[in-house]
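A.B. asks: I'm passing along my_file-v3.txt; it holds compact mmCIF, C-alpha atoms.
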# COMPACT_ATOMS: atom_id res chain seq x y z
CA MET Y 120 3.76 -40.09 -28.00
CA ALA Y 121 7.38 -39.89 -26.95
CA VAL Y 122 8.15 -37.37 -24.21
CA THR Y 123 11.19 -35.27 -25.08
CA ALA Y 124 13.49 -33.22 -22.88
CA SER Y 125 12.30 -30.02 -24.57
CA MET Y 126 8.68 -30.85 -23.66
CA VAL Y 127 9.65 -31.42 -20.05
CA LYS Y 128 11.57 -28.13 -20.06
CA GLU Y 129 8.61 -26.23 -21.47
CA LEU Y 130 6.22 -27.70 -18.92
CA ARG Y 131 8.62 -26.89 -16.09
CA GLU Y 132 8.87 -23.27 -17.25
CA ARG Y 133 5.10 -23.03 -17.50
CA THR Y 134 4.21 -24.62 -14.17
CA GLY Y 135 7.32 -24.41 -11.99
CA ALA Y 136 6.90 -28.07 -11.07
CA GLY Y 137 9.85 -30.45 -10.66
CA MET Y 138 11.39 -32.28 -13.60
CA MET Y 139 10.19 -35.74 -12.59
CA GLU Y 140 6.67 -34.49 -11.89
CA CYS Y 141 6.57 -32.84 -15.32
CA LYS Y 142 7.82 -35.95 -17.07
CA LYS Y 143 5.29 -38.12 -15.26
CA ALA Y 144 2.45 -35.73 -16.12
CA LEU Y 145 3.44 -35.70 -19.80
CA VAL Y 146 3.59 -39.51 -19.90
CA GLU Y 147 0.16 -39.78 -18.29
CA THR Y 148 -1.36 -37.27 -20.75
CA ASP Y 149 0.39 -38.70 -23.84
CA GLY Y 150 2.50 -35.60 -24.36
CA ASP Y 151 -0.36 -33.08 -24.26
CA LEU Y 152 1.16 -29.97 -22.68
CA GLU Y 153 -2.17 -28.35 -21.80
CA ALA Y 154 -3.52 -31.53 -20.25
CA ALA Y 155 -0.25 -32.10 -18.40
CA ALA Y 156 -0.33 -28.56 -16.98
CA GLU Y 157 -3.92 -29.08 -15.79
CA HIS Y 158 -2.93 -32.44 -14.31
CA LEU Y 159 -0.14 -30.77 -12.34
CA ARG Y 160 -2.48 -28.02 -11.17
CA LYS Y 161 -4.98 -30.56 -9.85
CA SER Y 162 -2.17 -32.59 -8.31
CA GLY Y 163 -0.91 -29.48 -6.56
CA LEU Y 164 -4.36 -28.78 -5.15
CA ILE Y 165 -4.60 -32.33 -3.80
CA GLN Y 166 -1.14 -32.08 -2.21
CA ALA Y 167 -1.98 -28.68 -0.73
CA ASP Y 168 -5.13 -30.11 0.82
CA LYS Y 169 -3.23 -33.08 2.26
CA LYS Y 170 -0.59 -30.86 3.81
CA ALA Y 171 -3.00 -28.20 5.12
CA SER Y 172 -3.27 -29.84 8.55
CA ARG Y 173 0.49 -29.96 9.08
CA ILE Y 174 1.90 -27.39 11.51
CA ALA Y 175 3.50 -24.42 9.78
CA ALA Y 176 5.20 -22.31 12.46
CA GLU Y 177 8.29 -21.11 10.54
CA GLY Y 178 8.34 -18.58 7.73
CA LYS Y 179 8.75 -14.85 7.23
CA VAL Y 180 7.19 -11.53 8.13
CA ILE Y 181 7.32 -9.27 5.07
CA LEU Y 182 6.86 -5.49 4.94
CA ALA Y 183 5.55 -3.46 2.04
CA SER Y 184 5.03 0.31 2.14
CA SER Y 185 3.85 3.02 -0.25
CA GLU Y 186 6.25 5.52 -1.79
CA THR Y 187 4.56 8.31 0.14
CA SER Y 188 4.96 6.34 3.39
CA SER Y 189 1.28 6.95 4.15
CA GLU Y 190 0.40 3.27 4.07
CA ALA Y 191 2.20 0.08 5.06
CA VAL Y 192 1.37 -3.58 5.46
CA LEU Y 193 2.88 -6.56 7.22
CA VAL Y 194 2.11 -10.13 6.22
CA GLU Y 195 3.09 -13.36 7.94
CA VAL Y 196 3.64 -16.27 5.57
CA ASN Y 197 4.34 -19.62 7.20
CA CYS Y 198 5.98 -22.90 6.22
CA GLU Y 199 7.06 -25.96 8.18
CA THR Y 200 10.85 -25.56 8.37
CA ASP Y 201 13.41 -22.78 8.62
CA PHE Y 202 15.16 -24.31 5.61
CA VAL Y 203 12.17 -23.64 3.34
CA ALA Y 204 11.75 -20.17 4.86
CA LYS Y 205 15.06 -19.31 3.14
CA ASP Y 206 14.11 -20.90 -0.20
CA GLU Y 207 13.96 -18.45 -3.12
CA ASN Y 208 10.61 -19.83 -4.31
CA PHE Y 209 9.05 -19.35 -0.86
CA LEU Y 210 10.51 -15.84 -0.56
CA ALA Y 211 9.24 -14.87 -4.02
CA PHE Y 212 5.75 -15.97 -3.01
CA ALA Y 213 5.92 -14.16 0.35
CA ASN Y 214 7.00 -10.94 -1.36
CA ALA Y 215 4.18 -11.30 -3.88
CA VAL Y 216 1.73 -11.65 -1.00
CA ALA Y 217 3.05 -8.44 0.61
CA SER Y 218 2.97 -6.58 -2.70
CA ASN Y 219 -0.63 -7.61 -3.35
CA ALA Y 220 -1.61 -6.72 0.20
CA LEU Y 221 -0.29 -3.18 -0.26
CA ALA Y 222 -1.83 -2.74 -3.71
CA SER Y 223 -5.25 -4.10 -2.81
CA SER Y 224 -7.80 -2.91 -0.31
CA SER Y 225 -7.85 -6.32 1.36
CA THR Y 226 -8.07 -6.23 5.11
CA ASP Y 227 -8.17 -10.00 5.65
CA VAL Y 228 -6.25 -12.98 4.33
CA GLU Y 229 -9.19 -14.68 2.64
CA ALA Y 230 -9.87 -11.67 0.41
CA LEU Y 231 -6.16 -11.18 -0.23
CA MET Y 232 -5.73 -14.73 -1.53
CA THR Y 233 -8.26 -14.10 -4.32
CA THR Y 234 -6.19 -11.24 -5.79
CA ASP Y 235 -4.28 -11.71 -9.03
CA SER Y 236 -0.56 -12.44 -9.16
CA ASP Y 237 1.12 -13.12 -12.51
CA GLY Y 238 -2.12 -14.19 -14.15
CA GLU Y 239 -3.43 -16.41 -11.34
CA SER Y 240 -4.73 -15.95 -7.84
CA LEU Y 241 -2.40 -15.96 -4.85
CA GLU Y 242 -4.22 -19.06 -3.64
CA MET Y 243 -3.36 -20.90 -6.87
CA ARG Y 244 0.26 -19.82 -6.48
CA ARG Y 245 0.23 -21.08 -2.91
CA GLN Y 246 -1.07 -24.48 -3.99
CA ALA Y 247 1.58 -24.73 -6.71
CA LEU Y 248 4.28 -23.79 -4.21
CA VAL Y 249 3.14 -26.51 -1.78
CA ALA Y 250 3.37 -29.07 -4.59
CA LYS Y 251 6.82 -27.83 -5.53
CA ILE Y 252 8.52 -27.58 -2.13
CA GLY Y 253 6.60 -30.37 -0.37
CA GLU Y 254 5.66 -28.35 2.72
CA ASN Y 255 2.50 -26.76 4.01
CA VAL Y 256 2.51 -23.03 3.22
CA GLN Y 257 -0.04 -20.67 4.73
CA VAL Y 258 -0.63 -16.93 4.66
CA ARG Y 259 -1.55 -16.48 8.29
CA ARG Y 260 -1.91 -12.79 9.08
CA LEU Y 261 -2.21 -9.38 7.44
CA SER Y 262 -1.88 -6.03 9.18
CA ARG Y 263 -2.41 -2.67 7.45
CA VAL Y 264 -1.78 0.89 8.67
CA SER Y 265 -2.90 4.03 6.84
CA ALA Y 266 -1.92 7.29 8.47
CA THR Y 267 -1.70 11.03 7.97
CA GLY Y 268 1.19 11.14 10.43
CA ASN Y 269 4.36 9.07 10.46
CA ILE Y 270 4.47 5.30 10.13
CA GLY Y 271 7.44 3.67 11.80
CA ALA Y 272 8.24 0.31 10.20
CA TYR Y 273 10.82 -2.24 11.28
CA VAL Y 274 11.45 -5.89 10.46
CA HIS Y 275 14.01 -7.85 12.44
CA GLY Y 276 15.57 -10.82 10.66
CA GLY Y 277 12.38 -11.51 8.75
CA ARG Y 278 10.89 -12.95 11.95
CA ILE Y 279 9.47 -9.92 13.78
CA GLY Y 280 7.69 -7.04 12.07
CA VAL Y 281 6.32 -3.84 13.61
CA LEU Y 282 4.26 -0.91 12.37
CA VAL Y 283 3.84 2.16 14.62
CA GLU Y 284 1.64 5.16 13.89
CA THR Y 285 2.87 8.40 15.45
CA GLU Y 286 1.81 12.03 15.47
CA GLY Y 287 4.49 14.68 15.69
CA GLY Y 288 8.20 13.92 15.75
CA ASP Y 289 9.87 12.64 12.59
CA ASP Y 290 10.49 9.45 10.61
CA GLU Y 291 13.56 8.58 12.68
CA LEU Y 292 11.59 8.73 15.93
CA ALA Y 293 8.80 6.59 14.46
CA ARG Y 294 11.32 3.96 13.36
CA ASP Y 295 13.03 4.03 16.76
CA ILE Y 296 9.69 3.35 18.46
CA ALA Y 297 9.07 0.48 16.03
CA MET Y 298 12.48 -0.99 16.91
CA HIS Y 299 11.63 -0.65 20.60
CA VAL Y 300 8.33 -2.52 20.14
CA ALA Y 301 10.16 -5.27 18.25
CA ALA Y 302 12.70 -5.64 21.06
CA LEU Y 303 10.56 -5.31 24.20
CA ASN Y 304 7.15 -6.46 22.95
CA PRO Y 305 4.80 -4.24 24.99
CA ALA Y 306 1.22 -5.47 25.12
CA TYR Y 307 -0.46 -2.04 25.21
CA VAL Y 308 0.28 1.59 24.34
CA ASP Y 309 -0.47 3.01 27.80
CA GLU Y 310 -2.31 2.25 31.05
CA ASN Y 311 -5.66 3.34 29.58
CA ASP Y 312 -5.46 0.49 27.06
CA VAL Y 313 -5.03 -2.22 29.70
CA PRO Y 314 -8.33 -4.14 30.09
CA ALA Y 315 -9.87 -4.00 33.58
CA ARG Y 316 -9.88 -7.82 33.81
CA VAL Y 317 -6.11 -7.94 33.18
CA LEU Y 318 -5.49 -5.33 35.84
CA GLN Y 319 -7.79 -7.03 38.36
CA LYS Y 320 -6.22 -10.43 37.80
CA GLU Y 321 -2.74 -9.06 38.47
CA LYS Y 322 -3.95 -7.12 41.50
CA ASP Y 323 -5.58 -10.24 42.99
CA PHE Y 324 -2.35 -12.16 42.47
CA LEU Y 325 -0.26 -9.44 44.11
CA VAL Y 326 -2.64 -9.16 47.08
CA THR Y 327 -2.45 -12.92 47.68
CA GLN Y 328 1.34 -12.84 47.36
CA ALA Y 329 1.65 -9.91 49.78
CA GLN Y 330 -0.72 -11.42 52.34
CA ASP Y 331 1.52 -14.47 52.56
CA SER Y 332 4.24 -12.17 53.91
CA GLY Y 333 2.23 -11.64 57.11
CA LYS Y 334 2.73 -7.86 57.04
CA PRO Y 335 0.09 -5.38 58.29
CA ALA Y 336 -2.76 -4.38 55.92
CA GLU Y 337 -1.46 -0.84 55.37
CA ILE Y 338 1.96 -2.18 54.38
CA ILE Y 339 0.35 -4.75 52.08
CA GLU Y 340 -1.61 -1.97 50.34
CA LYS Y 341 1.58 -0.02 49.65
CA MET Y 342 3.35 -3.16 48.43
CA VAL Y 343 0.52 -3.99 46.03
CA SER Y 344 0.33 -0.42 44.75
CA GLY Y 345 4.06 -0.31 44.02
CA ARG Y 346 4.15 -3.70 42.35
CA LEU Y 347 1.07 -2.89 40.26
CA LYS Y 348 2.74 0.28 39.05
CA LYS Y 349 5.83 -1.73 38.08
CA PHE Y 350 3.64 -4.29 36.28
CA LEU Y 351 1.96 -1.54 34.22
CA SER Y 352 5.32 -0.01 33.29
CA GLU Y 353 6.49 -3.40 32.02
CA ILE Y 354 3.50 -4.16 29.78
CA THR Y 355 2.85 -0.68 28.34
CA LEU Y 356 4.90 0.98 25.62
CA LEU Y 357 4.87 4.41 27.26
CA GLY Y 358 5.89 3.00 30.63
CA GLN Y 359 8.92 1.04 29.41
CA PRO Y 360 12.50 2.39 29.49
CA PHE Y 361 13.48 3.31 25.92
CA VAL Y 362 15.51 0.50 24.38
CA LYS Y 363 18.25 2.87 23.14
CA ASP Y 364 18.46 4.85 26.38
CA GLY Y 365 17.34 3.14 29.57
CA ASP Y 366 17.48 6.42 31.51
CA VAL Y 367 14.30 7.74 29.84
CA THR Y 368 10.91 6.12 29.37
CA VAL Y 369 9.24 6.03 25.98
CA SER Y 370 6.67 8.45 27.39
CA LYS Y 371 9.42 10.95 28.27
CA LEU Y 372 11.10 10.48 24.91
CA LEU Y 373 7.88 11.24 23.05
CA ALA Y 374 7.17 14.27 25.25
CA ASN Y 375 10.65 15.66 24.51
CA LYS Y 376 9.94 15.33 20.79
CA GLY Y 377 6.40 16.69 20.98
CA ALA Y 378 5.07 13.40 19.65
CA SER Y 379 2.54 10.71 20.56
CA VAL Y 380 1.81 7.13 19.57
CA LYS Y 381 -1.64 6.38 18.17
CA GLY Y 382 -1.13 2.64 17.95
CA PHE Y 383 1.12 -0.21 16.90
CA THR Y 384 1.01 -3.74 15.58
CA ARG Y 385 3.63 -6.45 16.03
CA LEU Y 386 3.82 -9.76 14.19
CA ALA Y 387 6.24 -12.53 15.15
CA VAL Y 388 6.64 -15.67 13.06
CA GLY Y 389 4.82 -18.64 14.56
CA GLU Y 390 3.52 -16.61 17.51
CA GLY Y 391 0.76 -18.56 19.22
CA VAL Y 392 1.25 -21.67 17.06
CA GLU Y 393 1.89 -24.85 19.00
CA LYS Y 394 5.01 -26.32 17.44
CA LYS Y 395 5.46 -30.04 17.06
CA GLN Y 396 8.33 -31.38 19.13
CA ASP Y 397 10.16 -33.88 16.98
CA ASN Y 398 12.25 -36.66 18.45
CA PHE Y 399 15.10 -37.12 15.97
CA ALA Y 400 16.05 -40.59 17.23
CA ASP Y 401 12.46 -41.84 16.93
CA GLU Y 402 12.20 -40.31 13.47
CA VAL Y 403 15.32 -42.15 12.28
CA MET Y 404 14.07 -45.43 13.75
CA GLN Y 405 10.74 -45.03 11.97
CA GLN Y 406 12.56 -44.49 8.68
CA VAL Y 407 14.74 -47.55 9.29
CA LYS Y 408 11.71 -49.71 10.04
CA GLY Y 409 9.92 -48.29 7.05
CA GLY Y 410 12.84 -49.16 4.82
Hey, can you dump this file as structure tokens for me?

C.D. replies:
Amino acid sequence: MAVTASMVKELRERTGAGMMECKKALVETDGDLEAAAEHLRKSGLIQADKKASRIAAEGKVILASSETSSEAVLVEVNCETDFVAKDENFLAFANAVASNALASSSTDVEALMTTDSDGESLEMRRQALVAKIGENVQVRRLSRVSATGNIGAYVHGGRIGVLVETEGGDDELARDIAMHVAALNPAYVDENDVPARVLQKEKDFLVTQAQDSGKPAEIIEKMVSGRLKKFLSEITLLGQPFVKDGDVTVSKLLANKGASVKGFTRLAVGEGVEKKQDNFADEVMQQVKGG
């Protein structure tokens, strides 16, 4: 059966696959649209599996929040290159993931990927997207906050997303705290949240460092105490100088507003993923030899 341009167009609209892939699928299935669509689906799954081991450390952090502002979610969706992270097909998928995350009760990525999106699961959409753009795409993380107080939400350049739950104050304060967390990346809310092992490790380091100075024990104790206090102020949200006004700490700012922070979450694209270091010259040489 002859494959016409209208058949290719219809298959493209149905599957979102590229023109050449659609034409090839139609030729292989003798013009059967249903069989060609299934062929492309299976082909997409195979390609997705092949690309699953490739490092995906670029992408976007997407925010979705309820109209009542009582619930918000952040999702991190990764791809391999910054170029694809700006692609409209990738962004449409990432926004669909965030929308589903907000609408569903999913608290983990695996459950989220089984939810329906335009008549198919998010996982099926992901596989189709991989086949279409030729890069590994992964939904890496999901963070959800439900609160009776205020939720401060802030996304910076699509690469850093923060949710902060506050009590007291107002929406503007909650958003300001979220912006602060995005900028200064505190590890903990306050000193009480710092694990004992983290504190002990830093103290041991400071003691060793101070002992090397050769100063008397009582002086060393004061040095360690002061430096430990500075360390805690640097890694805790409440101890840090407020990003918009360095003359006041976040703790003082909250006290002035009669507010407190119950918790926060911060997602940064590719955080903790070991990125592949490409050598452009070697890559070109490999292509030349391959050609």

A.B. asks: By how many Å are CA of Val216 in chain Y and CA of Gln246 in chain Y apart?

C.D. replies: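 Value for the CA of Val216 in chain Y-CA of Gln246 in chain Y distance: 13.5 Å.
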
A.B. asks: Name all residues at most 10 Å from Leu210 in chain Y (count all atoms listed in the file; drop same-chain ones fewer than 6 positions away) and give them as JSON, numbers by chain.

C.D. replies: {"Y": [178, 179, 181, 196, 203, 204, 216]}

A.B. asks: Measuring between all atoms listed in the file, which one of Y:Lys128, Y:Ser265, Y:Gly238, Y:Thr226 shows the shortest distance to Thr187 in chain Y?

C.D. replies: Y:Ser265

A.B. asks: Could you give me, as a compact mmCIF listing (two decimals) with C-alpha atoms, in the coordinates of the input, the residues within 7 Å of Val369 in chain Y, counting all atoms listed in the file and dropping anything in the same chain fewer than 5 positions from it?

C.D. replies:
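Output contents, as saved in result.txt:
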# COMPACT_ATOMS: atom_id res chain seq x y z
CA LEU Y 356 4.90 0.98 25.62
CA LEU Y 357 4.87 4.41 27.26
CA GLY Y 358 5.89 3.00 30.63
CA GLN Y 359 8.92 1.04 29.41
CA PRO Y 360 12.50 2.39 29.49
CA PHE Y 361 13.48 3.31 25.92

A.B. asks: Measuring between all atoms listed in the file, which one of Y:His158, Y:Lys143, Y:His275, Y:Lys251 shows the shortest distance to Val388 in chain Y?

C.D. replies: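 Residue with the minimum atom-to-atom distance to Val388 in chain Y: Y:His275.
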
A.B. asks: As a ChimeraX atom specification, please: the residues near Ser240 in chain Y (cut-off 12 Å, all atoms listed in the file, same-chain neighbours under 6 positions excluded).

C.D. replies: /Y:212,215-216,219,229-234,246-247

A.B. asks: Just the number, please: distance in Å from CA of Leu130 in chain Y to CA of Ala155 in chain Y, one decimal.

C.D. replies: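 Rounded to one decimal, the two atoms are 7.8 Å apart.
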
A.B. asks: Would you mind telling me which residue in Y:Lys341, Y:Lys205, Y:Arg260, Y:Arg385 lies nearest to Ala306 in chain Y when using all atoms listed in the file?

C.D. replies: Y:Arg385

A.B. asks: Just checking: using only C-alpha atoms, which residue out of Y:Ser225, Y:Ser236, Y:Ser218, Y:Asn208 ends up closest to Val256 in chain Y?

C.D. replies: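 Ranking Y:Ser225, Y:Ser236, Y:Ser218, Y:Asn208 by distance to Val256 in chain Y, first place goes to Y:Asn208.
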
A.B. asks: With distances taken over only C-alpha atoms, which of Y:Asp312, Y:Glu207, Y:Asp201, Y:Glu186 is nearest to Ala222 in chain Y?

C.D. replies: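 Result for the nearest residue to Ala222 in chain Y: Y:Glu186.
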
A.B. asks: Please complete range 259-276 of chain Y so it has N, CA and C atoms, and hand it over as a compact mmCIF listing (two decimals), in the coordinates of the input.

C.D. replies:
# COMPACT_ATOMS: atom_id res chain seq x y z
N ARG Y 259 -0.85 -16.44 7.00
CA ARG Y 259 -1.55 -16.48 8.29
C ARG Y 259 -2.17 -15.16 8.71
N ARG Y 260 -1.41 -14.07 8.57
CA ARG Y 260 -1.91 -12.79 9.08
C ARG Y 260 -1.56 -11.63 8.15
N LEU Y 261 -2.40 -10.61 8.22
CA LEU Y 261 -2.21 -9.38 7.44
C LEU Y 261 -2.53 -8.21 8.36
N SER Y 262 -1.64 -7.22 8.39
CA SER Y 262 -1.88 -6.03 9.18
C SER Y 262 -1.61 -4.81 8.32
N ARG Y 263 -2.53 -3.86 8.29
CA ARG Y 263 -2.41 -2.67 7.45
C ARG Y 263 -2.54 -1.40 8.30
N VAL Y 264 -1.71 -0.41 8.00
CA VAL Y 264 -1.78 0.89 8.67
C VAL Y 264 -1.80 1.98 7.61
N SER Y 265 -2.83 2.83 7.68
CA SER Y 265 -2.90 4.03 6.84
C SER Y 265 -2.90 5.22 7.79
N ALA Y 266 -2.06 6.19 7.51
CA ALA Y 266 -1.92 7.29 8.47
C ALA Y 266 -1.62 8.61 7.79
N THR Y 267 -2.05 9.68 8.43
CA THR Y 267 -1.70 11.03 7.97
C THR Y 267 -0.40 11.48 8.63
N GLY Y 268 -0.06 10.82 9.74
CA GLY Y 268 1.19 11.14 10.43
C GLY Y 268 2.32 10.26 9.94
N ASN Y 269 3.23 9.91 10.83
CA ASN Y 269 4.36 9.07 10.46
C ASN Y 269 4.06 7.61 10.76
N ILE Y 270 4.56 6.73 9.88
CA ILE Y 270 4.47 5.30 10.13
C ILE Y 270 5.89 4.78 10.34
N GLY Y 271 6.15 4.28 11.53
CA GLY Y 271 7.44 3.67 11.80
C GLY Y 271 7.36 2.19 11.46
N ALA Y 272 8.25 1.71 10.62
CA ALA Y 272 8.24 0.31 10.20
C ALA Y 272 9.60 -0.32 10.47
N TYR Y 273 9.57 -1.54 10.99
CA TYR Y 273 10.82 -2.24 11.28
C TYR Y 273 10.59 -3.73 11.22
N VAL Y 274 11.49 -4.43 10.52
CA VAL Y 274 11.45 -5.89 10.46
C VAL Y 274 12.80 -6.41 10.92
N HIS Y 275 12.78 -7.30 11.89
CA HIS Y 275 14.01 -7.85 12.44
C HIS Y 275 14.21 -9.29 11.96
N GLY Y 276 15.21 -9.48 11.12
CA GLY Y 276 15.57 -10.82 10.66
C GLY Y 276 14.48 -11.57 9.94
